[in-house]
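Colleague: One file: start.cif (mmCIF, C-alpha atoms).
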```cif
data_start
loop_
_atom_site.label_atom_id
_atom_site.label_comp_id
_atom_site.auth_asym_id
_atom_site.auth_seq_id
_atom_site.Cartn_x
_atom_site.Cartn_y
_atom_site.Cartn_z
CA MET P 1 -14.04 -44.63 -12.37
CA ALA P 2 -12.86 -47.68 -10.48
CA THR P 3 -14.30 -51.13 -10.85
CA ILE P 4 -15.33 -52.21 -7.34
CA LEU P 5 -15.13 -55.92 -6.58
CA PRO P 6 -15.80 -57.80 -3.35
CA VAL P 7 -13.26 -60.57 -2.71
CA THR P 8 -12.65 -63.01 0.10
CA ILE P 9 -9.08 -64.13 0.51
CA ASN P 10 -8.11 -66.30 3.48
CA GLU P 11 -4.80 -68.06 3.15
CA ASN P 12 -2.40 -69.76 5.56
CA SER P 13 0.97 -68.47 4.37
CA ARG P 14 2.70 -65.46 2.86
CA ALA P 15 3.31 -67.42 -0.34
CA ASP P 16 -0.37 -68.35 -0.65
CA TYR P 17 -1.48 -64.74 -0.10
CA ARG P 18 0.98 -63.55 -2.75
CA ARG P 19 -0.12 -66.24 -5.20
CA THR P 20 -3.84 -65.63 -4.74
CA LEU P 21 -3.54 -61.85 -4.94
CA THR P 22 -1.24 -61.81 -7.97
CA GLU P 23 -3.57 -64.24 -9.77
CA LEU P 24 -6.44 -61.88 -9.00
CA PHE P 25 -4.46 -58.94 -10.39
CA LEU P 26 -3.43 -60.93 -13.48
CA ASN P 27 -7.11 -61.30 -14.36
CA GLU P 28 -7.61 -57.52 -14.53
CA PRO P 29 -8.34 -56.30 -18.05
CA ASN P 30 -5.67 -54.16 -19.67
CA GLY P 31 -6.01 -50.42 -19.57
CA ALA P 32 -5.19 -48.13 -22.47
CA ALA P 33 -3.17 -44.95 -22.88
CA GLY P 34 -5.09 -42.18 -21.16
CA ALA P 35 -7.63 -44.69 -19.82
CA PRO P 36 -6.03 -46.93 -17.21
CA SER P 37 -8.05 -49.65 -15.57
CA ASN P 38 -8.69 -48.90 -11.89
CA PHE P 39 -9.85 -51.36 -9.27
CA GLU P 40 -11.00 -51.42 -5.69
CA TYR P 41 -11.07 -54.82 -4.04
CA ASN P 42 -13.24 -54.88 -0.91
CA VAL P 43 -11.37 -57.34 1.31
CA GLU P 44 -12.72 -56.67 4.84
CA THR P 45 -15.42 -54.79 6.70
CA ASP P 46 -14.92 -53.51 10.23
CA ASN P 47 -17.52 -53.51 13.02
CA ALA P 48 -18.57 -49.95 12.10
CA GLY P 49 -19.30 -51.01 8.51
CA ASN P 50 -16.23 -49.32 6.99
CA ARG P 51 -14.74 -51.11 4.02
CA ILE P 52 -11.06 -52.01 4.04
CA TYR P 53 -10.16 -52.17 0.37
CA LEU P 54 -7.20 -52.49 -1.94
CA LYS P 55 -6.79 -49.73 -4.52
CA ARG P 56 -5.02 -50.44 -7.78
CA PRO P 57 -3.02 -49.12 -9.45
CA THR P 58 -1.07 -47.02 -6.98
CA ASN P 59 0.13 -43.53 -7.75
CA LEU P 60 3.63 -44.87 -8.38
CA ASN P 61 2.45 -47.63 -10.74
CA LYS P 62 4.66 -50.36 -9.31
CA GLY P 63 3.14 -53.34 -11.10
CA PHE P 64 1.45 -55.58 -8.56
CA ASP P 65 1.57 -52.94 -5.83
CA PHE P 66 -1.62 -51.70 -4.20
CA GLU P 67 -2.72 -49.32 -1.48
CA VAL P 68 -4.72 -50.28 1.59
CA ARG P 69 -7.62 -47.87 2.09
CA VAL P 70 -10.46 -47.53 4.62
CA SER P 71 -13.78 -45.97 3.69
CA ASN P 72 -15.06 -43.19 5.94
CA GLN P 73 -11.71 -42.78 7.74
CA ARG P 74 -9.17 -39.98 7.66
CA PHE P 75 -5.52 -40.60 8.48
CA LYS P 76 -3.07 -37.77 9.03
CA HIS P 77 0.08 -37.71 6.90
CA VAL P 78 3.06 -35.42 7.48
CA SER P 79 5.56 -35.06 4.62
CA LYS P 80 9.31 -34.71 5.10
CA ASN P 81 8.96 -30.94 4.72
CA GLY P 82 6.22 -30.81 7.38
CA ARG P 83 3.24 -30.49 5.04
CA VAL P 84 0.13 -32.07 6.59
CA SER P 85 -2.49 -33.87 4.53
CA HIS P 86 -5.24 -36.39 5.19
CA SER P 87 -6.44 -39.42 3.27
CA ASN P 88 -8.20 -42.71 3.78
CA ARG P 89 -4.87 -44.57 3.38
CA PRO P 90 -3.35 -45.70 6.68
CA SER P 91 0.44 -45.40 6.82
CA HIS P 92 2.85 -47.44 8.89
CA ASP P 93 3.31 -44.35 11.09
CA ASN P 94 -0.47 -44.14 11.63
CA ILE P 95 -0.50 -47.77 12.75
CA LEU P 96 2.56 -47.43 14.99
CA ASP P 97 1.28 -44.21 16.60
CA ASP P 98 -2.10 -45.82 17.25
CA LEU P 99 -0.55 -48.92 18.82
CA ALA P 100 1.81 -46.82 20.97
CA ALA P 101 -1.18 -44.86 22.32
CA LYS P 102 -3.00 -48.09 23.11
CA LYS P 103 0.05 -49.46 24.92
CA ALA P 104 0.37 -46.24 26.96
CA GLU P 105 -3.32 -46.42 27.85
CA ASP P 106 -3.33 -50.05 29.02
CA PRO P 107 -0.13 -52.14 28.81
CA ALA P 108 -1.84 -55.37 29.90
CA GLN P 109 -4.59 -55.04 27.31
CA TYR P 110 -1.98 -54.08 24.72
CA SER P 111 -0.13 -57.33 25.45
CA SER P 112 -3.26 -59.24 24.43
CA LEU P 113 -3.56 -57.11 21.30
CA ARG P 114 0.09 -57.83 20.43
CA ALA P 115 -0.66 -61.57 20.68
CA ILE P 116 -3.40 -61.10 18.04
CA ILE P 117 -1.04 -59.09 15.83
CA ASP P 118 1.53 -61.89 16.15
CA ARG P 119 -1.12 -64.33 14.92
CA ILE P 120 -1.95 -62.00 12.00
CA PHE P 121 1.77 -61.84 11.17
CA ASN P 122 1.78 -65.66 11.05
CA CYS P 123 -1.18 -65.66 8.62
CA ASN P 124 -3.72 -66.97 11.14
CA GLU P 125 -7.31 -65.88 10.69
CA ILE P 126 -8.75 -64.02 13.68
CA ASP P 127 -12.28 -64.64 14.88
CA PRO P 128 -13.96 -61.20 14.59
CA LEU P 129 -15.41 -61.63 18.09
CA GLU P 130 -11.89 -61.51 19.54
CA TYR P 131 -11.66 -57.83 18.65
CA ASN P 132 -14.70 -57.06 20.82
CA ALA P 133 -12.78 -57.91 24.02
CA PHE P 134 -10.77 -54.69 23.79
CA THR P 135 -11.92 -51.51 25.51
CA PHE P 136 -9.28 -49.00 24.40
CA GLN P 137 -10.47 -45.42 24.37
CA SER P 138 -7.47 -44.14 22.38
CA GLY P 139 -7.01 -44.23 18.66
CA TYR P 140 -8.86 -46.17 16.03
CA PRO P 141 -11.06 -49.24 16.61
CA VAL P 142 -9.02 -52.40 17.20
CA ASP P 143 -10.74 -54.44 14.50
CA MET P 144 -10.08 -51.77 11.86
CA ILE P 145 -6.42 -51.39 12.85
CA CYS P 146 -5.85 -55.16 12.87
CA LYS P 147 -7.50 -55.64 9.48
CA CYS P 148 -5.36 -52.82 8.07
CA ILE P 149 -2.25 -54.42 9.56
CA LYS P 150 -3.14 -57.73 7.88
CA TRP P 151 -3.36 -56.11 4.45
CA LEU P 152 -0.34 -53.86 4.99
CA PHE P 153 1.65 -57.02 5.81
CA ILE P 154 0.44 -58.57 2.54
CA GLU P 155 1.18 -55.37 0.61
CA GLN P 156 4.75 -55.42 1.93
CA ASP P 157 5.10 -59.12 1.01
CA ILE P 158 4.26 -58.24 -2.59
CA THR P 159 6.19 -54.97 -2.81
CA TYR P 160 9.30 -56.49 -1.22
CA TRP P 161 8.80 -59.98 -2.65
CA ASN P 162 12.42 -61.08 -2.41
CA TRP P 163 13.28 -59.05 0.66
CA SER P 164 11.91 -58.74 4.15
CA GLY P 165 8.26 -58.13 3.20
CA ARG P 166 6.01 -57.94 6.24
CA ASN P 167 8.95 -57.89 8.64
CA MET P 168 9.47 -54.16 8.06
CA LEU P 169 6.14 -53.18 9.61
CA TYR P 170 6.26 -56.02 12.13
CA ASN P 171 9.65 -54.93 13.43
CA GLY P 172 8.23 -51.45 13.96
CA ILE P 173 5.33 -52.93 15.92
CA ARG P 174 7.68 -55.09 17.98
CA SER P 175 9.72 -52.00 18.93
CA ILE P 176 6.72 -50.32 20.62
#
```
Just give me the structure as structure tokens.

Modeller:
Amino acid sequence: MATILPVTINENSRADYRRTLTELFLNEPNGAAGAPSNFEYNVETDNAGNRIYLKRPTNLNKGFDFEVRVSNQRFKHVSKNGRVSHSNRPSHDNILDDLAAKKAEDPAQYSSLRAIIDRIFNCNEIDPLEYNAFTFQSGYPVDMICKCIKWLFIEQDITYWNWSGRNMLYNGIRSI
């Protein structure tokens, strides 16, 4: 059973997000053999009331790593051998496919969305009302996708601390 905690984290830089999140994780109580401590940190809520949360530990147990999850959502995952599964964990491919569909639907509107994603990449907070300006019919709701992108950027900053971090996902977005 996971301990579920609401948290509000709004920082202005990658370093500040890493510092705040790792300090939060450092305060988790130790688990025990056969009884690991599990946590869900509710970090955002989308317009539909779905929770965007961080799940710890991950299946691979990579220290400070976490998974970004969305309540009441199902994302399709295709393994290297073609096996299809679904979970509430958005992948980079889910994000990129969704954004590509939005761009195909309305390139001008997508350009405005990209400007918001650029601001998210630069650790700027987005006024939730800005998401309401979009009228895409394809894919997932814009506010949910953008909030997932924010936390996937932060997850990459922690996982690839001394490497490219958020640039991996961002470069994929830029190539759309």

Colleague: Selection in question (the file shown): the PyMOL selection byres ((chain P and resi 51) around 12). Which residues does it include, as an MDAnalysis selection string?

Modeller: chainID P and resid 4:7 40:50 52:55 68:73 88:89 143:144 147:148

Colleague: To test your reading of the syntax: which residues would the PyMOL selection byres ((chain P and resi 153) around 10) return for the file shown? Reply as JSON, numbers by chain.

Modeller: {"P": [14, 120, 121, 123, 147, 148, 149, 150, 151, 152, 154, 155, 156, 157, 158, 159, 165, 166, 167, 168, 169, 170]}

Colleague: Tell me, in Å to one decimal, how far CA of Pro57 in chain P is from CA of Ala33 in chain P.

Modeller: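 Here the two named atoms are 14.1 Å from each other.
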
Colleague: What is the CA of Trp163 in chain P-CA of Ile126 in chain P distance in Å, reported with one decimal?

Modeller: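 These atoms are spaced 26.1 Å apart.
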
Colleague: Measure the distance from CA of Phe39 in chain P to CA of Arg56 in chain P in Å and round it to one decimal.

Modeller: 5.1 Å

Colleague: Run the PyMOL selection byres ((chain P and resi 131-133) around 9) mentally over the shown coordinates, then write out the matched residues as a PyMOL selection string, using the chain letters and numbers from the document.

Modeller: chain P and resi 113+116+126-130+134-135+141-143+146

Colleague: Closest to Pro36 in chain P among P:Asn59, P:Lys103, P:Val84, P:Ala15, using all atoms listed in the file?

Modeller: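 The answer is P:Asn59, which sits nearest to Pro36 in chain P.
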
Colleague: Determine the nearest neighbour of Pro29 in chain P from the options P:Thr3, P:Ala115, P:Thr58, P:Gln137, counting all atoms listed in the file.

Modeller: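 When distances to Pro29 in chain P are compared using all atoms listed in the file, the smallest one comes from P:Thr3.
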
Colleague: Tell me which of P:Phe64, P:Ile176, P:Asp97, P:Ser37 sits closest to Trp161 in chain P, counting all atoms listed in the file.

Modeller: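 The shortest atom-to-atom distance to Trp161 in chain P comes from P:Phe64.
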